[in-house]
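Asker: Contents are CSV, C-alpha atoms; file name query15.csv:
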chain,number,residue,atom,x,y,z
A,44,ALA,CA,95.6,102.7,80.8
A,45,GLN,CA,93.4,103.1,83.8
A,46,SER,CA,89.6,103.2,83.8
A,47,VAL,CA,86.7,103.1,86.2
A,48,ALA,CA,83.1,102.1,85.5
A,49,GLN,CA,79.9,102.8,87.4
A,50,PRO,CA,77.4,100.6,85.6
A,51,GLU,CA,74.3,102.2,87.1
A,52,ASP,CA,73.3,105.8,86.4
A,53,GLN,CA,70.7,105.6,89.1
A,54,VAL,CA,70.0,103.5,92.2
A,55,ASN,CA,66.7,103.7,94.0
A,56,VAL,CA,66.4,102.3,97.5
A,57,ALA,CA,63.7,102.6,100.3
A,58,GLU,CA,64.8,104.2,103.5
A,59,GLY,CA,66.0,101.7,106.0
A,60,ASN,CA,67.0,99.2,103.4
A,61,PRO,CA,70.7,98.3,102.6
A,62,LEU,CA,72.2,100.1,99.6
A,63,THR,CA,75.0,99.2,97.2
A,64,VAL,CA,76.6,101.4,94.6
A,65,LYS,CA,78.8,99.5,92.2
A,66,CYS,CA,82.2,100.4,90.9
A,67,THR,CA,84.7,98.3,88.8
A,68,TYR,CA,88.1,99.4,87.7
A,69,SER,CA,91.0,98.6,85.5
A,70,VAL,CA,94.6,99.6,86.3
A,71,SER,CA,98.1,98.3,85.8
A,72,GLY,CA,99.6,97.5,89.1
A,73,ASN,CA,98.1,98.3,92.5
A,74,PRO,CA,95.1,100.6,92.7
A,75,TYR,CA,94.3,103.4,95.0
A,76,LEU,CA,90.5,103.6,95.1
A,77,PHE,CA,88.2,106.4,96.4
A,78,TRP,CA,84.6,107.2,96.9
A,79,TYR,CA,83.3,110.8,96.8
A,80,VAL,CA,79.8,112.2,97.2
A,81,GLN,CA,78.3,115.3,95.7
A,82,TYR,CA,75.3,117.0,97.0
A,83,PRO,CA,73.3,119.5,94.8
A,84,ASN,CA,75.3,122.7,94.1
A,85,ARG,CA,78.3,121.5,96.1
A,86,GLY,CA,81.7,120.2,95.5
A,87,LEU,CA,82.7,116.6,96.0
A,88,GLN,CA,83.3,115.3,99.5
A,89,PHE,CA,85.6,112.5,100.3
A,90,LEU,CA,83.9,109.4,101.8
A,91,LEU,CA,86.5,106.7,102.0
A,92,LYS,CA,89.5,105.2,100.3
A,93,TYR,CA,91.4,101.9,99.9
A,94,ILE,CA,95.2,102.0,99.7
A,95,THR,CA,96.3,98.7,101.2
A,96,GLY,CA,95.5,96.3,104.0
A,97,ASP,CA,92.0,95.3,105.0
A,98,ASN,CA,89.6,94.8,102.1
A,99,LEU,CA,86.7,96.3,104.0
A,100,VAL,CA,87.1,100.0,104.4
A,101,LYS,CA,84.9,102.1,106.7
A,102,GLY,CA,84.2,105.8,105.9
A,103,SER,CA,82.0,108.8,106.7
A,104,TYR,CA,78.3,108.7,107.4
A,105,GLY,CA,78.2,105.0,108.0
A,106,PHE,CA,79.4,104.0,104.5
A,107,GLU,CA,81.8,101.2,103.8
A,108,ALA,CA,83.3,99.7,100.7
A,109,GLU,CA,84.8,96.3,99.9
A,110,PHE,CA,87.9,96.0,97.8
A,111,ASN,CA,87.8,92.8,95.7
A,112,LYS,CA,90.9,92.2,93.7
A,113,SER,CA,89.8,89.2,91.8
A,114,GLN,CA,86.7,91.0,90.6
A,115,THR,CA,88.4,94.4,90.3
A,116,SER,CA,85.5,95.9,92.2
A,117,PHE,CA,85.1,98.5,94.9
A,118,HIS,CA,81.4,98.6,95.7
A,119,LEU,CA,80.0,101.2,98.2
A,120,LYS,CA,77.6,99.9,100.8
A,121,LYS,CA,75.5,101.0,103.7
A,122,PRO,CA,73.4,98.7,105.9
A,123,SER,CA,70.5,101.1,106.3
A,124,ALA,CA,69.8,104.0,103.9
A,125,LEU,CA,68.7,107.4,105.0
A,126,VAL,CA,66.8,110.0,102.8
A,127,SER,CA,69.7,112.3,103.4
A,128,ASP,CA,72.0,109.9,101.6
A,129,SER,CA,70.4,110.9,98.3
A,130,ALA,CA,73.2,112.4,96.2
A,131,LEU,CA,75.6,111.8,93.3
A,132,TYR,CA,78.3,109.3,94.1
A,133,PHE,CA,81.6,109.0,92.3
A,134,CYS,CA,84.1,106.2,92.4
A,135,ALA,CA,87.7,107.1,91.5
A,136,VAL,CA,90.9,105.1,90.8
A,137,ARG,CA,94.5,106.0,90.6
A,138,ALA,CA,97.2,103.4,89.8
A,139,SER,CA,100.1,103.5,92.4
A,140,SER,CA,102.4,104.3,89.5
A,141,ALA,CA,100.2,106.9,87.8
A,142,SER,CA,100.0,110.6,88.3
A,143,LYS,CA,96.3,111.0,87.2
A,144,ILE,CA,93.1,110.1,89.0
A,145,ILE,CA,90.2,108.9,87.0
A,146,PHE,CA,86.6,109.4,88.1
A,147,GLY,CA,83.7,107.3,87.1
A,148,SER,CA,80.6,108.8,85.5
A,149,GLY,CA,78.7,108.9,88.8
A,150,THR,CA,75.7,107.2,90.2
A,151,ARG,CA,72.7,109.1,91.4
A,152,LEU,CA,71.4,107.5,94.6
A,153,SER,CA,67.8,108.2,95.5
A,154,ILE,CA,66.4,107.2,98.8
A,155,ARG,CA,62.6,107.2,99.1
A,156,PRO,CA,60.9,107.7,102.5
B,734,ASP,CA,83.3,123.4,104.4
B,735,SER,CA,86.3,121.8,102.8
B,736,GLY,CA,88.6,124.8,103.4
B,737,VAL,CA,89.1,125.2,99.6
B,738,THR,CA,87.8,128.4,98.2
B,739,GLN,CA,87.0,129.3,94.6
B,740,THR,CA,86.1,132.6,93.1
B,741,PRO,CA,83.9,133.6,91.4
B,742,LYS,CA,80.9,131.4,92.1
B,743,HIS,CA,79.3,132.2,88.8
B,744,LEU,CA,80.6,133.6,85.6
B,745,ILE,CA,78.6,134.5,82.5
B,746,THR,CA,80.5,135.6,79.4
B,747,ALA,CA,80.4,135.5,75.6
B,748,THR,CA,82.0,133.3,73.1
B,749,GLY,CA,85.6,134.3,72.2
B,750,GLN,CA,86.2,135.9,75.6
B,751,ARG,CA,88.8,135.0,78.2
B,752,VAL,CA,88.2,134.4,81.9
B,753,THR,CA,90.3,133.5,85.0
B,754,LEU,CA,89.1,131.2,87.7
B,755,ARG,CA,90.8,131.4,91.1
B,756,CYS,CA,91.4,128.8,93.8
B,757,SER,CA,92.9,128.9,97.2
B,758,PRO,CA,93.8,125.5,98.6
B,759,ARG,CA,93.3,124.3,102.2
B,760,SER,CA,95.9,125.7,104.6
B,761,GLY,CA,99.0,123.5,104.4
B,762,ASP,CA,98.0,121.8,101.1
B,763,LEU,CA,100.7,121.9,98.4
B,764,SER,CA,98.9,120.1,95.6
B,765,VAL,CA,96.1,121.7,93.5
B,766,TYR,CA,94.0,120.0,91.0
B,767,TRP,CA,91.5,121.4,88.4
B,768,TYR,CA,88.5,119.5,87.1
B,769,GLN,CA,85.7,120.3,84.6
B,770,GLN,CA,82.3,118.8,85.3
B,771,SER,CA,79.7,118.9,82.4
B,772,LEU,CA,76.5,117.0,81.9
B,773,ASP,CA,77.7,115.0,79.0
B,774,GLN,CA,81.3,114.4,79.9
B,775,GLY,CA,81.1,113.9,83.7
B,776,LEU,CA,84.1,114.9,85.8
B,777,GLN,CA,87.2,115.4,83.8
B,778,PHE,CA,90.7,115.9,85.3
B,779,LEU,CA,92.4,118.9,83.7
B,780,ILE,CA,95.7,119.6,85.5
B,781,GLN,CA,97.6,119.2,88.7
B,782,TYR,CA,100.2,121.4,90.4
B,783,TYR,CA,102.4,120.7,93.3
B,784,ASN,CA,104.2,123.5,95.1
B,785,GLY,CA,104.2,125.7,92.0
B,786,GLU,CA,105.2,123.0,89.5
B,787,GLU,CA,103.0,121.2,87.0
B,788,ARG,CA,102.8,117.6,87.9
B,789,ALA,CA,100.1,116.0,85.7
B,790,LYS,CA,98.0,116.9,82.7
B,791,GLY,CA,94.7,115.5,81.8
B,792,ASN,CA,92.2,116.4,79.1
B,793,ILE,CA,93.1,120.1,79.1
B,794,LEU,CA,92.6,122.0,75.9
B,795,GLU,CA,95.4,124.2,74.5
B,796,ARG,CA,93.1,127.2,75.0
B,797,PHE,CA,93.2,126.5,78.7
B,798,SER,CA,96.2,127.2,81.0
B,799,ALA,CA,96.9,127.2,84.7
B,800,GLN,CA,99.5,128.1,87.2
B,801,GLN,CA,100.2,127.9,90.9
B,802,PHE,CA,101.7,130.9,92.6
B,803,PRO,CA,104.3,131.1,95.4
B,804,ASP,CA,101.5,131.6,98.0
B,805,LEU,CA,100.0,128.3,96.6
B,806,HIS,CA,96.8,129.7,95.2
B,807,SER,CA,96.1,128.7,91.6
B,808,GLU,CA,94.4,130.2,88.6
B,809,LEU,CA,92.8,128.5,85.6
B,810,ASN,CA,92.8,130.7,82.5
B,811,LEU,CA,90.2,129.9,79.8
B,812,SER,CA,90.5,131.7,76.5
B,813,SER,CA,88.7,131.9,73.1
B,814,LEU,CA,85.7,130.5,74.9
B,815,GLU,CA,83.2,128.3,73.1
B,816,LEU,CA,79.6,127.4,74.0
B,817,GLY,CA,80.9,123.9,74.9
B,818,ASP,CA,83.1,125.3,77.7
B,819,SER,CA,80.1,126.0,79.8
B,820,ALA,CA,80.5,123.8,82.8
B,821,LEU,CA,81.3,123.6,86.5
B,822,TYR,CA,85.0,124.0,87.2
B,823,PHE,CA,86.3,122.5,90.5
B,824,CYS,CA,89.5,123.0,92.2
B,825,ALA,CA,90.7,120.4,94.8
B,826,SER,CA,93.7,120.3,97.0
B,827,SER,CA,95.7,117.7,98.9
B,828,VAL,CA,98.4,117.9,101.5
B,829,GLU,CA,101.0,116.4,99.2
B,830,GLU,CA,101.2,114.7,95.9
B,831,GLY,CA,101.1,111.2,97.3
B,832,ARG,CA,98.9,109.1,95.2
B,833,GLY,CA,97.0,107.7,98.0
B,834,ARG,CA,96.0,111.1,99.4
B,835,GLU,CA,92.3,112.1,99.2
B,836,GLN,CA,91.4,115.4,97.7
B,837,PHE,CA,89.3,118.2,99.2
B,838,PHE,CA,87.1,120.0,96.7
B,839,GLY,CA,86.0,123.6,96.5
B,840,PRO,CA,82.4,124.6,95.8
B,841,GLY,CA,83.2,125.2,92.1
B,842,THR,CA,82.8,128.0,89.6
B,843,ARG,CA,79.8,127.8,87.3
B,844,LEU,CA,80.8,129.1,83.9
B,845,THR,CA,78.2,130.0,81.3
B,846,VAL,CA,79.3,130.9,77.8
B,847,LEU,CA,76.6,132.6,75.7
Please lay out the structure from this file as structure tokens.

Answerer:
Amino acid sequence: AQSVAQPEDQVNVAEGNPLTVKCTYSVSGNPYLFWYVQYPNRGLQFLLKYITGDNLVKGSYGFEAEFNKSQTSFHLKKPSALVSDSALYFCAVRASSASKIIFGSGTRLSIRP
Amino acid sequence: DSGVTQTPKHLITATGQRVTLRCSPRSGDLSVYWYQQSLDQGLQFLIQYYNGEERAKGNILERFSAQQFPDLHSELNLSSLELGDSALYFCASSVEEGRGREQFFGPGTRLTVL
């Protein structure tokens, strides 16, 4: 069975500081990993994905994520946070052999000025 | 704007009723997914269609059904509604059913069951 965990319900960061939103996963076989962001009263927006290749993936709005196979993690990072980054972030995983995608419970990111 | 449209934006109805939510995927996308987002259960995958055929099923109740039509739009039918069905329902689409493909989400339909 596949699963994904976002251990932090909320992450608070000061503007200009680096941010990390954590995600760990469990799948059989190779994972496809995704990050999505949800702004208030909006649908989810795709940020980035890992399919294969380079472990460091760069995405929209200056975000990046690092795939770590040994730690089964796919943490989302940004070197310098903006107030406009405040939103709900979802990690998702799909095994290469599976038909369903599983979303994490979401992490609310709050950037204070 | 993702290019995925959903109607209606809001729906208020009573317990025991039936409603239909509609989704139009992005132009060229063949795969449609339905999700339910509630405060206590997070984002739950319901069902996926690809070019008119059901491809995957998630935590979809028997009271719920969906279909994808030849023009690729999709409808999610919810019947015998209960208070607990109140949630945001999202539709998403992707260009194909390839498992590495990202999904593009619509703005959602907020369902309130009174």

Asker: Starting from chain B, keep only residues with some atom at most 10 Å from an atom of chain A, counting all atoms listed in the file, and report them as number ranges by chain.

Answerer: B: 734-735, 737, 772-781, 788-791, 821-825, 830-843

Asker: Store the residues picked out above in a file with C-alpha atoms, as a short mmCIF file (atom, residue, chain, number, x, y, z; two decimals), in the coordinates of the input.

Answerer:
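Now in part_6.cif:
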data_model
loop_
_atom_site.label_atom_id
_atom_site.label_comp_id
_atom_site.auth_asym_id
_atom_site.auth_seq_id
_atom_site.Cartn_x
_atom_site.Cartn_y
_atom_site.Cartn_z
CA ASP B 734 83.30 123.40 104.40
CA SER B 735 86.30 121.80 102.80
CA VAL B 737 89.10 125.20 99.60
CA LEU B 772 76.50 117.00 81.90
CA ASP B 773 77.70 115.00 79.00
CA GLN B 774 81.30 114.40 79.90
CA GLY B 775 81.10 113.90 83.70
CA LEU B 776 84.10 114.90 85.80
CA GLN B 777 87.20 115.40 83.80
CA PHE B 778 90.70 115.90 85.30
CA LEU B 779 92.40 118.90 83.70
CA ILE B 780 95.70 119.60 85.50
CA GLN B 781 97.60 119.20 88.70
CA ARG B 788 102.80 117.60 87.90
CA ALA B 789 100.10 116.00 85.70
CA LYS B 790 98.00 116.90 82.70
CA GLY B 791 94.70 115.50 81.80
CA LEU B 821 81.30 123.60 86.50
CA TYR B 822 85.00 124.00 87.20
CA PHE B 823 86.30 122.50 90.50
CA CYS B 824 89.50 123.00 92.20
CA ALA B 825 90.70 120.40 94.80
CA GLU B 830 101.20 114.70 95.90
CA GLY B 831 101.10 111.20 97.30
CA ARG B 832 98.90 109.10 95.20
CA GLY B 833 97.00 107.70 98.00
CA ARG B 834 96.00 111.10 99.40
CA GLU B 835 92.30 112.10 99.20
CA GLN B 836 91.40 115.40 97.70
CA PHE B 837 89.30 118.20 99.20
CA PHE B 838 87.10 120.00 96.70
CA GLY B 839 86.00 123.60 96.50
CA PRO B 840 82.40 124.60 95.80
CA GLY B 841 83.20 125.20 92.10
CA THR B 842 82.80 128.00 89.60
CA ARG B 843 79.80 127.80 87.30
#

Asker: Mind giving me the straight-line distance from CA of Glu795 (chain B) to CA of Ala747 (chain B) in Å, one decimal?

Answerer: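 Atom-to-atom, CA of Glu795 (chain B) and CA of Ala747 (chain B) are spaced 18.8 Å apart.
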
Asker: Between CA of Gly785 (chain B) and CA of Phe802 (chain B), what distance in Å does the model show, to one decimal?

Answerer: 5.8 Å

Asker: So the first atom is CA of Lys121 (chain A) and the second is CA of Tyr104 (chain A); what is the distance between them in Å, to one decimal place?

Answerer: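 Computed distance, CA of Lys121 (chain A) to CA of Tyr104 (chain A), equals 9.0 Å.
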
Asker: Which of these, A:Val56, A:Lys112, A:Cys134, A:His118, has the shortest distance to Val100 (chain A) once you count all atoms listed in the file?

Answerer: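 Among the listed residues, A:His118 lies closest to Val100 (chain A).
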
Asker: Which residue is closest to Ala48 (chain A)? Choose from A:Ser123, A:Asn98, A:Thr150, A:Asn73 and count only C-alpha atoms.

Answerer: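 Between A:Ser123, A:Asn98, A:Thr150, A:Asn73, the residue approaching Ala48 (chain A) most closely is A:Thr150.
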
Asker: Which of these residues is nearest to Val80 (chain A), using all atoms listed in the file: A:Ser129, A:Ser153, A:Gln53, A:Ser46?

Answerer: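 Looking at the shortest contact to Val80 (chain A), the residue is A:Ser129.
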
Asker: Mind completing region 118-139 of chain A with N, CA and C atoms? Output as a CSV table (one decimal), in the frame of the given file, please?

Answerer:
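Heads up, here's the output in selection_5.csv:
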chain,number,residue,atom,x,y,z
A,118,HIS,N,82.8,98.2,95.6
A,118,HIS,CA,81.4,98.6,95.7
A,118,HIS,C,81.2,99.4,97.0
A,119,LEU,N,80.4,100.4,97.0
A,119,LEU,CA,80.0,101.2,98.2
A,119,LEU,C,78.8,100.6,98.8
A,120,LYS,N,78.8,100.5,100.1
A,120,LYS,CA,77.6,99.9,100.8
A,120,LYS,C,77.2,100.7,102.0
A,121,LYS,N,76.0,100.5,102.4
A,121,LYS,CA,75.5,101.0,103.7
A,121,LYS,C,74.4,100.1,104.2
A,122,PRO,N,74.4,99.7,105.4
A,122,PRO,CA,73.4,98.7,105.9
A,122,PRO,C,72.0,99.3,105.9
A,123,SER,N,71.8,100.6,106.2
A,123,SER,CA,70.5,101.1,106.3
A,123,SER,C,70.5,102.5,105.8
A,124,ALA,N,69.8,102.7,104.6
A,124,ALA,CA,69.8,104.0,103.9
A,124,ALA,C,69.0,105.1,104.6
A,125,LEU,N,69.5,106.3,104.5
A,125,LEU,CA,68.7,107.4,105.0
A,125,LEU,C,68.3,108.3,103.8
A,126,VAL,N,67.2,109.0,103.9
A,126,VAL,CA,66.8,110.0,102.8
A,126,VAL,C,67.9,111.0,102.5
A,127,SER,N,68.7,111.4,103.6
A,127,SER,CA,69.7,112.3,103.4
A,127,SER,C,70.9,111.8,102.7
A,128,ASP,N,71.0,110.5,102.4
A,128,ASP,CA,72.0,109.9,101.6
A,128,ASP,C,71.8,110.1,100.1
A,129,SER,N,70.7,110.6,99.7
A,129,SER,CA,70.4,110.9,98.3
A,129,SER,C,71.4,112.0,97.8
A,130,ALA,N,72.1,111.6,96.8
A,130,ALA,CA,73.2,112.4,96.2
A,130,ALA,C,73.8,111.7,95.0
A,131,LEU,N,74.8,112.3,94.5
A,131,LEU,CA,75.6,111.8,93.3
A,131,LEU,C,76.9,111.2,93.9
A,132,TYR,N,77.1,110.0,93.6
A,132,TYR,CA,78.3,109.3,94.1
A,132,TYR,C,79.3,109.0,93.0
A,133,PHE,N,80.6,109.3,93.3
A,133,PHE,CA,81.6,109.0,92.3
A,133,PHE,C,82.7,108.1,92.9
A,134,CYS,N,83.0,107.1,92.1
A,134,CYS,CA,84.1,106.2,92.4
A,134,CYS,C,85.3,106.8,91.6
A,135,ALA,N,86.5,106.6,92.1
A,135,ALA,CA,87.7,107.1,91.5
A,135,ALA,C,88.9,106.1,91.7
A,136,VAL,N,89.8,106.1,90.7
A,136,VAL,CA,90.9,105.1,90.8
A,136,VAL,C,92.2,105.8,90.3
A,137,ARG,N,93.2,105.5,91.0
A,137,ARG,CA,94.5,106.0,90.6
A,137,ARG,C,95.5,104.8,90.8
A,138,ALA,N,96.2,104.5,89.7
A,138,ALA,CA,97.2,103.4,89.8
A,138,ALA,C,98.4,103.9,90.7
A,139,SER,N,99.0,103.0,91.4
A,139,SER,CA,100.1,103.5,92.4
A,139,SER,C,101.2,104.1,91.6
